[in-house]
$ cat my_file_14.cif   # mmCIF, C-alpha atoms
data_input
loop_
_atom_site.label_atom_id
_atom_site.label_comp_id
_atom_site.auth_asym_id
_atom_site.auth_seq_id
_atom_site.Cartn_x
_atom_site.Cartn_y
_atom_site.Cartn_z
CA ARG A 1176 -14.14 -98.62 51.99
CA GLU A 1177 -10.63 -99.51 50.84
CA GLU A 1178 -8.83 -102.17 52.81
CA GLN A 1179 -5.89 -100.96 54.89
CA THR A 1180 -4.16 -104.32 54.82
CA PRO A 1181 -4.71 -107.07 52.22
CA MET A 1182 -7.26 -109.79 52.88
CA VAL A 1183 -5.67 -113.14 53.65
CA VAL A 1184 -7.43 -116.49 53.95
CA VAL A 1185 -6.78 -120.09 55.00
CA PRO A 1186 -7.07 -122.63 52.15
CA TYR A 1187 -9.45 -125.46 53.00
CA ALA A 1188 -6.70 -128.08 52.78
CA LYS A 1189 -4.55 -126.12 55.26
CA TRP A 1190 -7.54 -125.68 57.56
CA GLN A 1191 -8.07 -129.45 57.64
CA GLU A 1192 -4.40 -130.08 58.37
CA MET A 1193 -4.27 -127.78 61.39
CA GLY A 1194 -6.49 -129.75 63.77
CA HIS A 1195 -7.36 -126.56 65.67
CA PHE A 1196 -8.29 -122.94 65.02
CA PRO A 1197 -5.23 -121.53 63.23
CA ARG A 1198 -3.55 -118.42 64.60
CA SER A 1199 -2.08 -115.62 62.52
CA SER A 1200 1.40 -116.68 63.61
CA ASP A 1201 0.92 -120.21 62.22
CA GLY A 1202 1.72 -119.01 58.71
CA VAL A 1203 -1.08 -120.90 56.92
CA THR A 1204 -2.75 -117.93 55.20
CA ARG A 1205 -2.32 -116.58 51.68
CA PRO A 1206 -3.75 -113.54 49.86
CA ALA A 1207 -7.39 -113.91 48.84
CA ILE A 1208 -8.13 -114.24 45.12
CA LYS A 1209 -11.16 -112.14 44.21
CA SER A 1210 -11.44 -110.45 40.82
CA ASN A 1211 -14.90 -108.95 41.40
CA THR A 1212 -17.14 -108.47 44.45
CA ARG A 1213 -20.38 -108.78 42.45
CA HIS A 1214 -19.71 -111.80 40.25
CA GLN A 1215 -17.62 -114.92 40.85
CA GLY A 1216 -14.63 -115.23 38.53
CA ALA A 1217 -13.52 -118.58 37.15
CA ASP A 1218 -10.37 -118.61 39.29
CA ASP A 1219 -11.75 -116.80 42.33
CA ASP A 1220 -11.75 -118.17 45.85
CA TRP A 1221 -15.04 -119.14 47.46
CA VAL A 1222 -14.70 -117.38 50.80
CA VAL A 1223 -16.37 -118.63 53.98
CA PHE A 1224 -16.29 -115.86 56.60
CA VAL A 1225 -16.48 -117.36 60.10
CA SER A 1226 -18.38 -114.93 62.33
CA HIS A 1227 -18.18 -116.07 65.93
CA ARG A 1228 -17.80 -115.17 69.56
CA TRP A 1229 -14.59 -116.34 71.21
CA TRP A 1230 -15.27 -119.13 73.69
CA GLN A 1231 -12.26 -118.39 75.94
CA PRO A 1232 -11.86 -114.61 75.63
CA SER A 1233 -10.15 -114.25 79.02
CA GLU A 1234 -7.42 -116.59 77.74
CA GLY A 1235 -7.26 -114.88 74.36
CA LEU A 1236 -8.51 -118.05 72.64
CA PRO A 1237 -11.39 -118.47 70.18
CA ASP A 1238 -12.08 -122.11 71.02
CA ASP A 1239 -12.33 -124.41 74.03
CA GLU A 1240 -9.69 -126.92 75.11
CA GLU A 1241 -11.33 -129.71 73.09
CA ASP A 1242 -11.24 -127.66 69.84
CA SER A 1243 -15.03 -128.03 69.70
CA LYS A 1244 -15.62 -124.96 67.54
CA TYR A 1245 -12.94 -125.98 65.05
CA LYS A 1246 -14.62 -129.38 64.70
CA ILE A 1247 -18.02 -127.74 64.17
CA VAL A 1248 -16.60 -125.52 61.42
CA CYS A 1249 -14.96 -128.56 59.79
CA ARG A 1250 -18.25 -130.42 59.85
CA ALA A 1251 -20.06 -127.41 58.39
CA LEU A 1252 -17.55 -127.13 55.54
CA GLN A 1253 -17.92 -130.84 54.80
CA ALA A 1254 -21.66 -130.22 54.41
CA LEU A 1255 -21.41 -126.95 52.47
CA ILE A 1256 -18.97 -128.12 49.79
CA PRO A 1257 -21.22 -130.82 48.27
CA PHE A 1258 -24.38 -128.78 48.93
CA TYR A 1259 -23.08 -125.94 46.72
CA GLU A 1260 -21.15 -128.32 44.44
CA LEU A 1261 -17.89 -126.50 45.16
CA ASP A 1262 -14.37 -127.39 44.17
CA PRO A 1263 -12.62 -127.90 47.55
CA ASP A 1264 -9.43 -126.37 46.12
CA ARG A 1265 -11.27 -123.06 45.67
CA VAL A 1266 -12.75 -123.00 49.19
CA VAL A 1267 -10.98 -120.74 51.67
CA ILE A 1268 -11.78 -119.66 55.22
CA TRP A 1269 -11.53 -116.23 56.76
CA CYS A 1270 -11.51 -116.07 60.56
CA ASP A 1271 -10.21 -113.28 62.74
CA TYR A 1272 -7.77 -115.39 64.78
CA ALA A 1273 -5.93 -116.55 61.65
CA CYS A 1274 -6.46 -113.65 59.27
CA ILE A 1275 -6.00 -110.58 61.47
CA ASP A 1276 -2.57 -110.21 63.05
CA GLN A 1277 -2.70 -111.23 66.71
CA ASP A 1278 0.73 -109.86 67.65
CA ASP A 1279 1.26 -106.53 65.89
CA CYS A 1280 -1.20 -103.94 67.23
CA ASP A 1281 -0.88 -101.66 64.20
CA LEU A 1282 -1.55 -104.49 61.74
CA GLN A 1283 -4.41 -105.67 63.94
CA ARG A 1284 -6.05 -102.23 63.83
CA GLN A 1285 -5.60 -102.13 60.05
CA GLY A 1286 -7.24 -105.55 59.73
CA ILE A 1287 -10.22 -104.51 61.84
CA ALA A 1288 -10.57 -101.29 59.83
CA SER A 1289 -10.65 -103.39 56.63
CA LEU A 1290 -13.53 -105.65 57.68
CA ILE A 1291 -16.08 -104.06 55.34
CA SER A 1292 -13.78 -104.73 52.40
CA TYR A 1293 -13.30 -108.33 53.56
CA ALA A 1294 -17.05 -108.77 53.94
CA ALA A 1295 -17.58 -107.61 50.34
CA ARG A 1296 -15.21 -110.36 49.16
CA SER A 1297 -16.92 -113.10 51.17
CA ASP A 1298 -19.41 -115.54 49.66
CA LEU A 1299 -20.94 -116.98 52.82
CA VAL A 1300 -21.01 -116.17 56.53
CA LEU A 1301 -20.87 -119.12 58.91
CA THR A 1302 -21.57 -119.04 62.65
CA PRO A 1303 -20.77 -122.21 64.63
CA VAL A 1304 -23.24 -122.98 67.41
CA GLN A 1305 -22.14 -124.34 70.78
CA SER A 1306 -23.40 -127.80 71.73
CA GLU A 1307 -24.98 -126.52 74.93
CA PRO A 1308 -28.69 -127.04 75.70
CA GLU A 1309 -29.66 -123.36 75.70
CA ALA A 1310 -27.63 -122.60 72.57
CA MET A 1311 -29.02 -125.60 70.67
CA ALA A 1312 -32.62 -124.78 71.63
CA ALA A 1313 -32.24 -121.16 70.50
CA TYR A 1314 -30.60 -122.23 67.24
CA SER A 1315 -33.46 -124.58 66.40
CA THR A 1316 -35.89 -121.64 66.14
CA ALA A 1317 -33.52 -118.80 65.15
CA ASN A 1318 -34.69 -116.51 62.34
CA HIS A 1319 -31.83 -114.04 62.66
CA PRO A 1320 -28.19 -114.22 63.85
CA ALA A 1321 -29.18 -112.06 66.84
CA ASP A 1322 -31.34 -114.95 68.08
CA LEU A 1323 -28.29 -117.12 68.79
CA VAL A 1324 -27.16 -117.66 72.39
CA ASN A 1325 -23.58 -116.55 73.13
CA TYR A 1326 -23.49 -114.65 69.85
CA GLY A 1327 -26.54 -112.44 69.34
CA GLU A 1328 -26.18 -110.62 72.64
CA ARG A 1329 -22.64 -109.42 71.88
CA ALA A 1330 -22.39 -105.95 70.34
CA TRP A 1331 -19.45 -106.88 68.09
CA CYS A 1332 -21.31 -109.87 66.62
CA ARG A 1333 -24.38 -107.69 66.01
CA LEU A 1334 -22.11 -105.19 64.24
CA GLU A 1335 -20.74 -107.91 61.97
CA THR A 1336 -24.29 -108.98 61.11
CA TYR A 1337 -25.29 -105.39 60.31
CA MET A 1338 -22.13 -104.94 58.23
CA PHE A 1339 -22.96 -107.95 56.05
CA MET A 1340 -26.56 -106.80 55.62
CA CYS A 1341 -25.34 -103.37 54.46
CA VAL A 1342 -22.76 -104.87 52.10
CA GLY A 1343 -25.48 -107.11 50.64
CA GLU A 1344 -27.67 -104.09 49.91
CA ILE A 1345 -24.82 -102.13 48.34
CA LEU A 1346 -23.77 -105.03 46.11
CA MET A 1347 -27.41 -106.07 45.50
CA LYS A 1348 -26.39 -109.53 46.66
CA PRO A 1349 -28.37 -110.88 49.66
CA PRO A 1350 -25.93 -112.26 52.26
CA LEU A 1351 -25.72 -116.01 52.76
CA PHE A 1352 -25.73 -116.04 56.56
CA PHE A 1353 -25.71 -119.56 57.96
CA GLY A 1354 -25.48 -121.24 61.30
CA PHE A 1355 -24.28 -124.78 61.87
CA GLY A 1356 -24.90 -126.78 65.01
CA GLN A 1357 -27.06 -129.37 66.70
CA VAL A 1358 -30.80 -129.04 67.24
CA PRO A 1359 -32.93 -131.05 69.69
CA ILE A 1360 -35.42 -133.49 68.17
CA ARG A 1361 -38.15 -134.78 70.49
CA HIS A 1362 -39.35 -138.35 69.98
CA CYS A 1363 -42.26 -140.07 71.67
CA PHE A 1364 -42.85 -143.82 71.58
CA GLY A 1365 -45.76 -145.30 73.51
CA LEU A 1366 -45.66 -143.83 77.01
CA GLY A 1367 -42.12 -142.52 76.82
CA CYS A 1368 -40.51 -139.48 75.19
CA GLY A 1369 -36.90 -138.61 74.63
CA VAL A 1370 -34.65 -136.09 72.89
CA THR A 1371 -31.95 -136.74 70.32
CA TYR A 1372 -29.77 -134.19 68.54
CA ARG A 1373 -29.24 -133.64 64.83
CA TRP A 1374 -26.65 -131.49 63.04
CA GLN A 1375 -28.26 -128.85 60.84
CA LEU A 1376 -27.17 -126.15 58.43
CA ARG A 1377 -29.73 -123.34 58.77
CA LYS A 1378 -30.14 -120.03 56.96
CA LEU A 1379 -30.21 -117.47 59.75
CA THR A 1380 -31.90 -114.74 57.75
CA SER A 1381 -35.02 -116.85 57.25
CA GLY A 1382 -34.87 -119.74 59.68
CA ASP A 1383 -34.96 -122.27 56.83
CA THR A 1384 -33.24 -125.59 57.38
CA LEU A 1385 -31.15 -126.33 54.31
CA LEU A 1386 -29.45 -129.53 55.30
CA ASP A 1387 -29.46 -132.22 57.97
CA ALA A 1388 -25.86 -133.31 58.26
#

$ encode --input "my_file_14.cif" --output "structure tokens"
Amino acid sequence: REEQTPMVVVPYAKWQEMGHFPRSSDGVTRPAIKSNTRHQGADDDWVVFVSHRWWQPSEGLPDDEEDSKYKIVCRALQALIPFYELDPDRVVIWCDYACIDQDDCDLQRQGIASLISYAARSDLVLTPVQSEPEAMAAYSTANHPADLVNYGERAWCRLETYMFMCVGEILMKPPLFFGFGQVPIRHCFGLGCGVTYRWQLRKLTSGDTLLDA
């Protein structure tokens, strides 16, 4: 499906500078550079699509007051870039709050209607996981994005997952769908046991742990 409004993205350097989830009105986006949806061009962006559930929807905000989700995404990007041996200058982020207009209703509708086109231009889908006990426990055993707490139960998030699966089949390019968050690690020494937490990048379409960060 043709996009109704051009795809814009946040360059990695701009994302780092913000210190919080950027908003469309912050003016930090630029047009995405993608020459082909099937094969990566030499000058193409490497697009990380952040698929998430807003953590303060009643306030119209995607993150909490401590910018916890923004920090999780930053940490994930710091792990992904060396893992895939990426040039940081080519890494860009797409997230709804920054890349779909939050003030103009017509432009917002056009952006939402263009999501399939944006998905086809994305290289990796990233879902940040809340550092809450139930969310971390579910993430540690998740084999599918729908298994995530405060994400998988929301219809819109399930629709995004389905959209990426369909795009992957059409383009014959399996989607790279990752979660990033903390997982509980149980330790027992002598008569006592305890739990510590470790940051992990996990492939949500298989449950494989790719990286302890």

$ residues_near_point --input "my_file_14.cif" --point "(0.4, -116.0, 66.5)" --cutoff "12 Å" --atoms "all atoms listed in the file" --output "count of residues only"
21

$ residues_around --input "my_file_14.cif" --residues "stretch 1331-1344 of chain A" --least-positions-apart "6" --cutoff "8 Å" --atoms "all atoms listed in the file" --output "PyMOL selection string"
chain A and resi 1226-1228+1291+1294-1295+1320-1321+1350

$ residues_near_point --input "my_file_14.cif" --point "(-8.9, -129.0, 54.1)" --cutoff "9 Å" --atoms "all atoms listed in the file" --output "list in words"
Pro1186, Tyr1187, Ala1188, Lys1189, Trp1190, Gln1191, Glu1192, Met1193, Cys1249, Leu1252, Pro1263, Asp1264, Val1266 and Val1267 of chain A

$ resolve_selection --input "my_file_14.cif" --expression "the PyMOL selection byres ((chain A and resi 1324) around 8)" --output "list in words"
Glu1309, Ala1310, Ala1313, Tyr1314, Asp1322, Leu1323, Asn1325, Tyr1326, Gly1327 and Glu1328 of chain A

$ closest_residue --input "my_file_14.cif" --among "A:Met1182, A:Ser1315, A:Cys1270, A:Trp1221" --to "A:Leu1255" --atoms "only C-alpha atoms"
A:Trp1221

$ resolve_selection --input "my_file_14.cif" --expression "the PyMOL selection byres ((chain A and resi 1358) around 8)" --output "PyMOL selection string"
chain A and resi 1311-1312+1314-1315+1356-1357+1359-1360+1372-1375

$ atom_distance --input "my_file_14.cif" --atom1 "atom CA of A:Ala1251" --atom2 "atom CA of A:Pro1303"
8.2 Å

$ closest_residue --input "my_file_14.cif" --among "A:Asn1318, A:Ser1292, A:Thr1371, A:Ser1297" --to "A:Pro1349" --atoms "only C-alpha atoms"
A:Ser1297

$ resolve_selection --input "my_file_14.cif" --expression "the PyMOL selection byres ((chain A and resi 1244) around 9)" --output "mmCIF file with C-alpha atoms, in the coordinates of the input"
data_model
loop_
_atom_site.group_PDB
_atom_site.id
_atom_site.type_symbol
_atom_site.label_atom_id
_atom_site.label_comp_id
_atom_site.auth_asym_id
_atom_site.auth_seq_id
_atom_site.Cartn_x
_atom_site.Cartn_y
_atom_site.Cartn_z
ATOM 1 C CA HIS A 1195 -7.360 -126.560 65.670
ATOM 2 C CA PHE A 1196 -8.290 -122.940 65.020
ATOM 3 C CA TRP A 1230 -15.270 -119.130 73.690
ATOM 4 C CA PRO A 1237 -11.390 -118.470 70.180
ATOM 5 C CA ASP A 1238 -12.080 -122.110 71.020
ATOM 6 C CA ASP A 1239 -12.330 -124.410 74.030
ATOM 7 C CA GLU A 1241 -11.330 -129.710 73.090
ATOM 8 C CA ASP A 1242 -11.240 -127.660 69.840
ATOM 9 C CA SER A 1243 -15.030 -128.030 69.700
ATOM 10 C CA TYR A 1245 -12.940 -125.980 65.050
ATOM 11 C CA LYS A 1246 -14.620 -129.380 64.700
ATOM 12 C CA ILE A 1247 -18.020 -127.740 64.170
ATOM 13 C CA VAL A 1248 -16.600 -125.520 61.420
ATOM 14 C CA CYS A 1249 -14.960 -128.560 59.790
ATOM 15 C CA PRO A 1303 -20.770 -122.210 64.630
ATOM 16 C CA VAL A 1304 -23.240 -122.980 67.410
ATOM 17 C CA GLN A 1305 -22.140 -124.340 70.780
#

$ atom_distance --input "my_file_14.cif" --atom1 "atom CA of A:Ala1317" --atom2 "atom CA of A:Leu1351"
14.9 Å

$ decode --input "my_file_14.cif" --residues "stretch 1340-1360 of chain A" --atoms "N, CA, C and O atoms" --output "PDB file, in the first residue's frame"
ATOM      1  N   MET A1340       4.470  -9.413  10.337  1.00  0.00           N
ATOM      2  CA  MET A1340       4.526 -10.798   9.857  1.00  0.00           C
ATOM      3  C   MET A1340       4.080 -10.869   8.394  1.00  0.00           C
ATOM      4  O   MET A1340       4.704 -11.561   7.575  1.00  0.00           O
ATOM      5  N   CYS A1341       3.018 -10.151   8.058  1.00  0.00           N
ATOM      6  CA  CYS A1341       2.514 -10.158   6.677  1.00  0.00           C
ATOM      7  C   CYS A1341       3.512  -9.513   5.727  1.00  0.00           C
ATOM      8  O   CYS A1341       3.762 -10.026   4.631  1.00  0.00           O
ATOM      9  N   VAL A1342       4.079  -8.383   6.147  1.00  0.00           N
ATOM     10  CA  VAL A1342       5.079  -7.705   5.311  1.00  0.00           C
ATOM     11  C   VAL A1342       6.283  -8.616   5.077  1.00  0.00           C
ATOM     12  O   VAL A1342       6.823  -8.693   3.967  1.00  0.00           O
ATOM     13  N   GLY A1343       6.690  -9.339   6.124  1.00  0.00           N
ATOM     14  CA  GLY A1343       7.809 -10.269   5.986  1.00  0.00           C
ATOM     15  C   GLY A1343       7.538 -11.344   4.952  1.00  0.00           C
ATOM     16  O   GLY A1343       8.423 -11.711   4.165  1.00  0.00           O
ATOM     17  N   GLU A1344       6.306 -11.867   4.933  1.00  0.00           N
ATOM     18  CA  GLU A1344       5.949 -12.895   3.959  1.00  0.00           C
ATOM     19  C   GLU A1344       5.926 -12.327   2.547  1.00  0.00           C
ATOM     20  O   GLU A1344       6.403 -12.959   1.593  1.00  0.00           O
ATOM     21  N   ILE A1345       5.378 -11.128   2.403  1.00  0.00           N
ATOM     22  CA  ILE A1345       5.294 -10.508   1.071  1.00  0.00           C
ATOM     23  C   ILE A1345       6.688 -10.240   0.511  1.00  0.00           C
ATOM     24  O   ILE A1345       6.962 -10.495  -0.664  1.00  0.00           O
ATOM     25  N   LEU A1346       7.572  -9.722   1.356  1.00  0.00           N
ATOM     26  CA  LEU A1346       8.926  -9.375   0.919  1.00  0.00           C
ATOM     27  C   LEU A1346       9.883 -10.561   0.988  1.00  0.00           C
ATOM     28  O   LEU A1346      11.050 -10.434   0.613  1.00  0.00           O
ATOM     29  N   MET A1347       9.378 -11.708   1.479  1.00  0.00           N
ATOM     30  CA  MET A1347      10.215 -12.899   1.678  1.00  0.00           C
ATOM     31  C   MET A1347      11.436 -12.555   2.542  1.00  0.00           C
ATOM     32  O   MET A1347      12.557 -12.955   2.261  1.00  0.00           O
ATOM     33  N   LYS A1348      11.151 -11.791   3.585  1.00  0.00           N
ATOM     34  CA  LYS A1348      12.196 -11.336   4.508  1.00  0.00           C
ATOM     35  C   LYS A1348      11.652 -11.471   5.926  1.00  0.00           C
ATOM     36  O   LYS A1348      10.881 -10.630   6.383  1.00  0.00           O
ATOM     37  N   PRO A1349      11.995 -12.566   6.641  1.00  0.00           N
ATOM     38  CA  PRO A1349      11.458 -12.764   7.990  1.00  0.00           C
ATOM     39  C   PRO A1349      11.711 -11.543   8.869  1.00  0.00           C
ATOM     40  O   PRO A1349      12.816 -10.983   8.860  1.00  0.00           O
ATOM     41  N   PRO A1350      10.702 -11.095   9.613  1.00  0.00           N
ATOM     42  CA  PRO A1350      10.878  -9.885  10.432  1.00  0.00           C
ATOM     43  C   PRO A1350      11.825 -10.129  11.605  1.00  0.00           C
ATOM     44  O   PRO A1350      11.815 -11.191  12.225  1.00  0.00           O
ATOM     45  N   LEU A1351      12.669  -9.149  11.868  1.00  0.00           N
ATOM     46  CA  LEU A1351      13.519  -9.159  13.057  1.00  0.00           C
ATOM     47  C   LEU A1351      12.736  -8.467  14.161  1.00  0.00           C
ATOM     48  O   LEU A1351      12.684  -7.242  14.225  1.00  0.00           O
ATOM     49  N   PHE A1352      12.072  -9.260  14.987  1.00  0.00           N
ATOM     50  CA  PHE A1352      11.195  -8.719  16.032  1.00  0.00           C
ATOM     51  C   PHE A1352      11.846  -9.007  17.378  1.00  0.00           C
ATOM     52  O   PHE A1352      11.899 -10.142  17.821  1.00  0.00           O
ATOM     53  N   PHE A1353      12.356  -7.950  18.022  1.00  0.00           N
ATOM     54  CA  PHE A1353      13.106  -8.104  19.253  1.00  0.00           C
ATOM     55  C   PHE A1353      12.455  -7.397  20.429  1.00  0.00           C
ATOM     56  O   PHE A1353      11.771  -6.378  20.276  1.00  0.00           O
ATOM     57  N   GLY A1354      12.674  -7.959  21.591  1.00  0.00           N
ATOM     58  CA  GLY A1354      12.360  -7.281  22.833  1.00  0.00           C
ATOM     59  C   GLY A1354      13.663  -6.929  23.529  1.00  0.00           C
ATOM     60  O   GLY A1354      14.706  -7.546  23.281  1.00  0.00           O
ATOM     61  N   PHE A1355      13.593  -5.926  24.389  1.00  0.00           N
ATOM     62  CA  PHE A1355      14.762  -5.592  25.213  1.00  0.00           C
ATOM     63  C   PHE A1355      14.266  -5.200  26.598  1.00  0.00           C
ATOM     64  O   PHE A1355      13.399  -4.340  26.742  1.00  0.00           O
ATOM     65  N   GLY A1356      14.819  -5.875  27.594  1.00  0.00           N
ATOM     66  CA  GLY A1356      14.419  -5.589  28.969  1.00  0.00           C
ATOM     67  C   GLY A1356      15.190  -6.470  29.930  1.00  0.00           C
ATOM     68  O   GLY A1356      16.118  -7.185  29.549  1.00  0.00           O
ATOM     69  N   GLN A1357      14.800  -6.417  31.181  1.00  0.00           N
ATOM     70  CA  GLN A1357      15.465  -7.201  32.216  1.00  0.00           C
ATOM     71  C   GLN A1357      14.744  -8.528  32.425  1.00  0.00           C
ATOM     72  O   GLN A1357      13.521  -8.603  32.308  1.00  0.00           O
ATOM     73  N   VAL A1358      15.534  -9.556  32.735  1.00  0.00           N
ATOM     74  CA  VAL A1358      14.971 -10.864  33.066  1.00  0.00           C
ATOM     75  C   VAL A1358      15.490 -11.284  34.437  1.00  0.00           C
ATOM     76  O   VAL A1358      16.627 -10.974  34.809  1.00  0.00           O
ATOM     77  N   PRO A1359      14.650 -11.974  35.218  1.00  0.00           N
ATOM     78  CA  PRO A1359      15.093 -12.427  36.544  1.00  0.00           C
ATOM     79  C   PRO A1359      16.004 -13.649  36.437  1.00  0.00           C
ATOM     80  O   PRO A1359      15.729 -14.577  35.676  1.00  0.00           O
ATOM     81  N   ILE A1360      17.085 -13.628  37.186  1.00  0.00           N
ATOM     82  CA  ILE A1360      18.022 -14.753  37.252  1.00  0.00           C
ATOM     83  C   ILE A1360      18.081 -15.222  38.697  1.00  0.00           C
ATOM     84  O   ILE A1360      18.454 -14.454  39.599  1.00  0.00           O
TER      85      ILE A1360
END
